[in-house]
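Participant: I am attaching a structure below and will ask some questions about it afterwards.
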Amino acid sequence: MRATIDAAAFKQMILHGAAAISLQKQKINDLNVFPVPDGDTGTNMSMTIATAAAELRKIEPESVGQAASVCASALLRGARGNSGVILSLLFRGVSKELKGQQEADGWDLAAAMQEGVAAAYGAVMKPAEGTVLTVARLAAKRAAEVAEENRDVEFVLNEAIQTGYEVLPQTTEMNPVLKKANVVDAGAKGYLVILEGMLAALRGEPLPELTEEEPQQEKADFDVFSTEEITFAFDTVFIVRKTVEKSLNPLREYLNSIGDSLVIGEDDEAFKVHVHTNIPGDALKEAQKYGTLELAKIENMRTQHDDLAAGKHVQSVDDLDKVEEDLEAADAAPAEPEKPYGFLAVCAGEGIAAVFRDLGVDGVIFGGQTMNPSTESILKEIQRTPAETVFVLPNNKNIIMAAQQCVGLTEKKVVVVPTATIPQGITAMMNVNLEAEADEILAAMTESAQGVTTAQITYAARNSDFDGFQINEGDYLALINGKLFGTDKDIAILLQRLADETRSRDAEFITVFYGEDVSEEEAERTEALFAGVCPDAELSLLSGGQPVYYYIISIE
């Protein structure tokens with residue numbers, strides 16, 4: 001039985017933990033009480049710890065303290081959703097306790113786990129029992145108890161996990177929402193899966209193989225060809241910062257039609273393209289339909305080939321990593337403040353983004369539904385905003401904590417407005433007084449947002465029996481302020497019920513945003529429905545272009 005862990009062991013534990021939850025993320029997603037296809041717990045926790053695994057793979061830490069510090073820093077910046085933020089806090093405490101230590105035994109691990117629990121509880125405004133916090137606390141408590149008798153790190157971690165699994169079924173009884181759905185807490189399960197992966201590493205078990213294969217990317221072979229054989233002359237590499245949320249498949253098809261050797265790398269914020277073409281300008285123009293061009297390098301391969309044949313030194317733009325490094329270096333320094341206040345909004349859909357821009361936001365962070373932006377994604381946009389104080393509107397309750405983690409990570413003052421929906425964010429922006437002090441602006445935005453009722457229609461991502469509703473995968477779901485209002489196989493029935501509910505609330509202003517899967521004709525029928533049921537209200541219909549949610553309706 002292993003007695004201590006060093007830097008290499010801790011690194012391997014994180015790699016195992018990340019692989020373990022990646023394999024089980026869908027099972028953890030299925031534990032989510034709400035069957036709405038938002039960024040789910042398993043996905044958020046898996047993507048969060050994957051950032052730590054990626055950073056640790058780049059280095060060979062010299063001490064367990066350094067390994068824990070690198071892990072905690074990566075988790076903080078990569079945190080997605082509330083579950084990801086809490087996970088990062090649990091490991092931030094671990095890093096704090098192990099700081100400066102070369103190795104750690106079971107006693108040190110127990111103390112580190114307890115410090116992590118303290119950090120997580122301290123950051124959550126209203127800690128609820130029957131969550132990952134409960135399981136983490138009792139697991140850490142057990143670790144401290146057994147470390148008094150046996151300081152072997154493997155023994156202590158195993159005991160903590162066993163206690164965690166004894167407590168896990170109790171979360172169903174502790175939390176009324178979980179009890180209604182008859183499931184255990186998804187975050188707690190995810191945390192235990194990660195700990196199990198870490199224990200497997202201590203025991204020398206092989207790293208789990210992921211079943212999801214990475215897509216194979218074609219790369220050009222420049223080794224053997226003549227100048228005459230170069231069909232497409234210009235080696236073109238560029239990076240585009242996304243401003244719309246839509247599939248890159250049409251762009252991929254277009255670029256393949258005008259060139260070859262195409263490679264497209266994509267993340268939440270940007271995409272990087274490498275293509276050989278004779279018309280690089282057309283490639284850049286088409287790509288800008290998806291966002292803002294930030295960096296481009298174009299070189300003539302025929303000229304390069306001639307230079308090589310003549311024995312001259314030739315620089316290549318094939319190195320995408322170098323291009324990315326150039327961009328990251330440019331992003332590192334915060335934009336100089338040109339004004340006292342700046343504003344950022346998280347949203348999905350070009351129509352909704354346009355509304356926020358019209359209301360004065362400096363930047364839009366695309367995300368919210370199905371993909372929660374990481375703390376680092378939000379931080380980058382804060383850094384780009386040329387203001388002393390930057391207000392961030394998360395517009396989703398599962399993004400608020402990730403946004404709050406940006407406080408202290410930049411020289412800029414960051415103020416998070418706790419908007420939980422798109423309509424709340426829009427109303428908050430409509431109540432900004434740039435002549436006021438920052439705390440007064442926050443108070444006004446928060447108060448106005450709380451007066452908005454948000455109705456939404458989406459679909460069920462999984463079968464569920466929730467709060468008296470028998471929900472089948474694919475059913476339409478109607479939500480009011482995040483709570484399930486109704487479910488049906490006919491969207492027209494739900495729209496009628498929402499219109500009636502809107503009338504009962506004496507609505508004066510109604511704004512209907514229709515999503516990317518709703519036709520203009522369908523949207524106009526919905527507008528006519530609400531106009532007929534609520535004739536005295538001021539009604540607006542806008543193309544939001546949002547994914548996942550067929551309709552987002554603001555009621556005031």
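Labels used: A, B, ... for chains in the order of the structure tokens, numbers from 1 for residues in each chain, and numbers from 1 for ligands as shown.
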Identify, on the basis of only C-alpha atoms, every residue whose closest approach to range 356-366 of chain A does not exceed 8 Å; exclude the query and any residue fewer than 6 positions from it along the same chain; express the result as an MDAnalysis selection string.
Facilitator: chainID A and resid 242:245 268:269 342:349 373 377:378 381 385 426 429:430
Participant: Output the selection as an mmCIF file, in the first residue's frame - N, CA and C atoms for each residue.
Facilitator:
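Done, and the output landed in out19.cif:
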data_model
loop_
_atom_site.group_PDB
_atom_site.id
_atom_site.type_symbol
_atom_site.label_atom_id
_atom_site.label_comp_id
_atom_site.auth_asym_id
_atom_site.auth_seq_id
_atom_site.Cartn_x
_atom_site.Cartn_y
_atom_site.Cartn_z
ATOM 1 N N LYS A 242 -14.822 34.052 -32.868
ATOM 2 C CA LYS A 242 -16.233 33.831 -33.178
ATOM 3 C C LYS A 242 -17.103 34.987 -32.703
ATOM 4 N N THR A 243 -18.049 35.374 -33.538
ATOM 5 C CA THR A 243 -19.089 36.320 -33.123
ATOM 6 C C THR A 243 -20.482 35.766 -33.385
ATOM 7 N N VAL A 244 -20.545 34.614 -34.026
ATOM 8 C CA VAL A 244 -21.822 33.933 -34.214
ATOM 9 C C VAL A 244 -21.641 32.485 -33.795
ATOM 10 N N GLU A 245 -22.691 31.890 -33.322
ATOM 11 C CA GLU A 245 -22.627 30.502 -32.888
ATOM 12 C C GLU A 245 -23.341 29.625 -33.911
ATOM 13 N N ASP A 268 -14.089 27.069 -27.977
ATOM 14 C CA ASP A 268 -15.293 27.840 -27.659
ATOM 15 C C ASP A 268 -15.253 29.248 -28.240
ATOM 16 N N GLU A 269 -14.053 29.825 -28.347
ATOM 17 C CA GLU A 269 -13.953 31.239 -28.655
ATOM 18 C C GLU A 269 -13.519 31.535 -30.078
ATOM 19 N N GLY A 342 -17.251 49.317 -18.634
ATOM 20 C CA GLY A 342 -17.462 48.477 -19.801
ATOM 21 C C GLY A 342 -18.425 47.362 -19.436
ATOM 22 N N PHE A 343 -19.011 46.732 -20.461
ATOM 23 C CA PHE A 343 -20.027 45.706 -20.210
ATOM 24 C C PHE A 343 -19.818 44.505 -21.131
ATOM 25 N N LEU A 344 -19.983 43.325 -20.561
ATOM 26 C CA LEU A 344 -19.912 42.073 -21.311
ATOM 27 C C LEU A 344 -21.168 41.267 -21.060
ATOM 28 N N ALA A 345 -21.652 40.572 -22.080
ATOM 29 C CA ALA A 345 -22.846 39.734 -21.943
ATOM 30 C C ALA A 345 -22.565 38.350 -22.491
ATOM 31 N N VAL A 346 -23.016 37.335 -21.773
ATOM 32 C CA VAL A 346 -22.958 35.962 -22.251
ATOM 33 C C VAL A 346 -24.295 35.636 -22.897
ATOM 34 N N CYS A 347 -24.263 35.136 -24.125
ATOM 35 C CA CYS A 347 -25.513 34.770 -24.784
ATOM 36 C C CYS A 347 -25.220 33.860 -25.960
ATOM 37 N N ALA A 348 -26.261 33.285 -26.520
ATOM 38 C CA ALA A 348 -26.161 32.452 -27.718
ATOM 39 C C ALA A 348 -27.189 32.965 -28.728
ATOM 40 N N GLY A 349 -26.765 33.087 -29.967
ATOM 41 C CA GLY A 349 -27.676 33.572 -31.008
ATOM 42 C C GLY A 349 -27.292 34.959 -31.465
ATOM 43 N N PRO A 373 -19.400 28.797 -20.896
ATOM 44 C CA PRO A 373 -18.043 29.301 -21.087
ATOM 45 C C PRO A 373 -17.214 29.136 -19.819
ATOM 46 N N SER A 377 -12.378 31.910 -20.518
ATOM 47 C CA SER A 377 -13.033 32.537 -21.665
ATOM 48 C C SER A 377 -13.603 33.901 -21.282
ATOM 49 N N ILE A 378 -14.220 33.952 -20.121
ATOM 50 C CA ILE A 378 -14.792 35.220 -19.638
ATOM 51 C C ILE A 378 -13.679 36.208 -19.320
ATOM 52 N N GLU A 381 -12.207 38.085 -22.332
ATOM 53 C CA GLU A 381 -13.028 39.192 -22.820
ATOM 54 C C GLU A 381 -12.960 40.383 -21.872
ATOM 55 N N THR A 385 -11.625 44.364 -22.799
ATOM 56 C CA THR A 385 -12.551 45.490 -22.661
ATOM 57 C C THR A 385 -11.795 46.727 -22.184
ATOM 58 N N ILE A 426 -30.976 41.788 -20.670
ATOM 59 C CA ILE A 426 -31.382 42.892 -21.540
ATOM 60 C C ILE A 426 -32.003 44.025 -20.727
ATOM 61 N N MET A 429 -29.349 45.948 -18.831
ATOM 62 C CA MET A 429 -28.607 46.892 -19.667
ATOM 63 C C MET A 429 -29.430 48.136 -19.976
ATOM 64 N N MET A 430 -30.733 47.990 -20.021
ATOM 65 C CA MET A 430 -31.607 49.135 -20.306
ATOM 66 C C MET A 430 -31.695 50.088 -19.116
#
Participant: Could you find all residues in range 75-187 of chain A that DSSP calls alpha helix (DSSP H) from the backbone, and write them as a PyMOL selection string?
Facilitator: chain A and resi 75-78+81-98+106-123+132-147+153-167+170-174+176-181+186-187
Participant: Need to verify the contact set: Asn150 in chain A, 12 Å, only C-alpha atoms, exclusion of same-chain residues closer than 6 positions in sequence. Can you return it as a ChimeraX atom specification?
Facilitator: /A:1-4,105-108,110,143-144,156-159
Participant: Please write the residues from the selection above to a file, keeping N, CA, C and O atoms, as a PDB file, in the first residue's frame.
Facilitator:
ATOM      1  N   MET A   1       0.852  -1.202   0.000  1.00  0.00           N
ATOM      2  CA  MET A   1       0.000   0.000   0.000  1.00  0.00           C
ATOM      3  C   MET A   1       0.883   1.245   0.000  1.00  0.00           C
ATOM      4  O   MET A   1       1.819   1.346   0.783  1.00  0.00           O
ATOM      5  N   ARG A   2       0.573   2.173  -0.887  1.00  0.00           N
ATOM      6  CA  ARG A   2       1.428   3.348  -1.060  1.00  0.00           C
ATOM      7  C   ARG A   2       1.299   4.292   0.121  1.00  0.00           C
ATOM      8  O   ARG A   2       0.192   4.641   0.539  1.00  0.00           O
ATOM      9  N   ALA A   3       2.448   4.738   0.639  1.00  0.00           N
ATOM     10  CA  ALA A   3       2.453   5.557   1.841  1.00  0.00           C
ATOM     11  C   ALA A   3       2.426   7.050   1.528  1.00  0.00           C
ATOM     12  O   ALA A   3       1.786   7.830   2.235  1.00  0.00           O
ATOM     13  N   THR A   4       3.130   7.473   0.459  1.00  0.00           N
ATOM     14  CA  THR A   4       3.219   8.896   0.147  1.00  0.00           C
ATOM     15  C   THR A   4       3.040   9.115  -1.354  1.00  0.00           C
ATOM     16  O   THR A   4       3.110   8.184  -2.155  1.00  0.00           O
ATOM     17  N   ASP A 105       1.778  12.621   2.677  1.00  0.00           N
ATOM     18  CA  ASP A 105       1.263  11.329   3.125  1.00  0.00           C
ATOM     19  C   ASP A 105      -0.235  11.437   3.368  1.00  0.00           C
ATOM     20  O   ASP A 105      -0.861  12.446   3.016  1.00  0.00           O
ATOM     21  N   GLY A 106      -0.811  10.409   3.961  1.00  0.00           N
ATOM     22  CA  GLY A 106      -2.247  10.398   4.184  1.00  0.00           C
ATOM     23  C   GLY A 106      -2.726  11.516   5.086  1.00  0.00           C
ATOM     24  O   GLY A 106      -3.826  12.062   4.895  1.00  0.00           O
ATOM     25  N   TRP A 107      -1.908  11.856   6.057  1.00  0.00           N
ATOM     26  CA  TRP A 107      -2.255  12.951   6.964  1.00  0.00           C
ATOM     27  C   TRP A 107      -2.344  14.271   6.174  1.00  0.00           C
ATOM     28  O   TRP A 107      -3.286  15.049   6.345  1.00  0.00           O
ATOM     29  N   ASP A 108      -1.344  14.506   5.330  1.00  0.00           N
ATOM     30  CA  ASP A 108      -1.340  15.724   4.510  1.00  0.00           C
ATOM     31  C   ASP A 108      -2.532  15.746   3.553  1.00  0.00           C
ATOM     32  O   ASP A 108      -3.156  16.796   3.345  1.00  0.00           O
ATOM     33  N   ALA A 110      -5.443  14.284   3.944  1.00  0.00           N
ATOM     34  CA  ALA A 110      -6.665  14.544   4.706  1.00  0.00           C
ATOM     35  C   ALA A 110      -6.813  16.030   5.020  1.00  0.00           C
ATOM     36  O   ALA A 110      -7.897  16.611   4.872  1.00  0.00           O
ATOM     37  N   ALA A 143     -11.368  10.956   6.180  1.00  0.00           N
ATOM     38  CA  ALA A 143      -9.935  10.911   5.882  1.00  0.00           C
ATOM     39  C   ALA A 143      -9.121  11.375   7.082  1.00  0.00           C
ATOM     40  O   ALA A 143      -8.094  10.761   7.427  1.00  0.00           O
ATOM     41  N   ALA A 144      -9.567  12.446   7.735  1.00  0.00           N
ATOM     42  CA  ALA A 144      -8.858  12.959   8.908  1.00  0.00           C
ATOM     43  C   ALA A 144      -8.900  11.966  10.065  1.00  0.00           C
ATOM     44  O   ALA A 144      -7.914  11.805  10.801  1.00  0.00           O
ATOM     45  N   VAL A 156      -5.876   6.186   3.265  1.00  0.00           N
ATOM     46  CA  VAL A 156      -6.706   7.342   3.630  1.00  0.00           C
ATOM     47  C   VAL A 156      -7.661   7.701   2.490  1.00  0.00           C
ATOM     48  O   VAL A 156      -8.856   7.947   2.711  1.00  0.00           O
ATOM     49  N   LEU A 157      -7.156   7.733   1.262  1.00  0.00           N
ATOM     50  CA  LEU A 157      -8.009   8.086   0.130  1.00  0.00           C
ATOM     51  C   LEU A 157      -9.094   7.042  -0.081  1.00  0.00           C
ATOM     52  O   LEU A 157     -10.257   7.384  -0.356  1.00  0.00           O
ATOM     53  N   ASN A 158      -8.761   5.775   0.071  1.00  0.00           N
ATOM     54  CA  ASN A 158      -9.758   4.718  -0.089  1.00  0.00           C
ATOM     55  C   ASN A 158     -10.872   4.852   0.939  1.00  0.00           C
ATOM     56  O   ASN A 158     -12.055   4.701   0.615  1.00  0.00           O
ATOM     57  N   GLU A 159     -10.519   5.155   2.167  1.00  0.00           N
ATOM     58  CA  GLU A 159     -11.525   5.324   3.226  1.00  0.00           C
ATOM     59  C   GLU A 159     -12.427   6.519   2.931  1.00  0.00           C
ATOM     60  O   GLU A 159     -13.639   6.471   3.163  1.00  0.00           O
TER      61      GLU A 159
END
Participant: Check the smallest atom-to-atom distance from each of A:Leu195, A:Lys285, A:Gln450, A:Ala123 to Ala139 in chain A using only C-alpha atoms, then report the winner.
Facilitator: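 With only C-alpha atoms as the atom set, the closest residue is A:Leu195.
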Participant: What lies within 7 Å of Ala52 in chain A using only C-alpha atoms, ignoring chain neighbours under 2 positions off, as a VMD selection string?
Facilitator: chain A and resid 49 to 50 54 to 56 71 74 to 75
Participant: Just to be explicit: take each residue in the selection above, keep N, CA, C and O atoms, and write the result as a short mmCIF file (atom, residue, chain, number, x, y, z; two decimals), in the first residue's frame.
Facilitator:
data_model
loop_
_atom_site.label_atom_id
_atom_site.label_comp_id
_atom_site.auth_asym_id
_atom_site.auth_seq_id
_atom_site.Cartn_x
_atom_site.Cartn_y
_atom_site.Cartn_z
N ILE A 49 -11.76 19.54 -15.27
CA ILE A 49 -10.54 18.84 -14.84
C ILE A 49 -9.65 18.49 -16.02
O ILE A 49 -8.44 18.31 -15.88
N ALA A 50 -10.23 18.45 -17.21
CA ALA A 50 -9.41 18.21 -18.40
C ALA A 50 -8.39 19.33 -18.61
O ALA A 50 -7.29 19.10 -19.12
N ALA A 54 -4.40 18.74 -18.97
CA ALA A 54 -3.66 19.27 -20.12
C ALA A 54 -2.44 20.07 -19.68
O ALA A 54 -1.36 19.96 -20.27
N GLU A 55 -2.60 20.88 -18.63
CA GLU A 55 -1.48 21.67 -18.14
C GLU A 55 -0.40 20.80 -17.52
O GLU A 55 0.79 21.04 -17.69
N LEU A 56 -0.81 19.79 -16.77
CA LEU A 56 0.16 18.91 -16.13
C LEU A 56 0.93 18.07 -17.15
O LEU A 56 2.09 17.70 -16.91
N CYS A 71 -2.30 22.42 -10.99
CA CYS A 71 -3.63 21.83 -11.12
C CYS A 71 -4.71 22.84 -10.71
O CYS A 71 -5.68 23.05 -11.45
N ALA A 74 -5.07 25.80 -13.22
CA ALA A 74 -5.75 25.39 -14.45
C ALA A 74 -7.24 25.17 -14.21
O ALA A 74 -8.07 25.55 -15.04
N LEU A 75 -7.58 24.55 -13.09
CA LEU A 75 -8.99 24.31 -12.77
C LEU A 75 -9.75 25.61 -12.61
O LEU A 75 -10.89 25.74 -13.05
#
Participant: Point out the residue among A:Asn300, A:Gln162, A:Thr171, A:Gln26 with the least atom-to-atom distance to Thr131 in chain A, counting only C-alpha atoms.
Facilitator: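 The answer is A:Thr171, which sits nearest to Thr131 in chain A.
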Participant: Measuring atom to atom with only C-alpha atoms, identify which of A:Gln404, A:Gln114, A:Asn396, A:Thr453 is nearest to Arg92 in chain A.
Facilitator: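 Residue with the minimum atom-to-atom distance to Arg92 in chain A: A:Gln114.
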Participant: Which one is closest to Gly259 in chain A: A:Glu520, A:Asp490, A:Asp282, A:Glu501? Count only C-alpha atoms.
Facilitator: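 With only C-alpha atoms as the atom set, the closest residue is A:Asp282.
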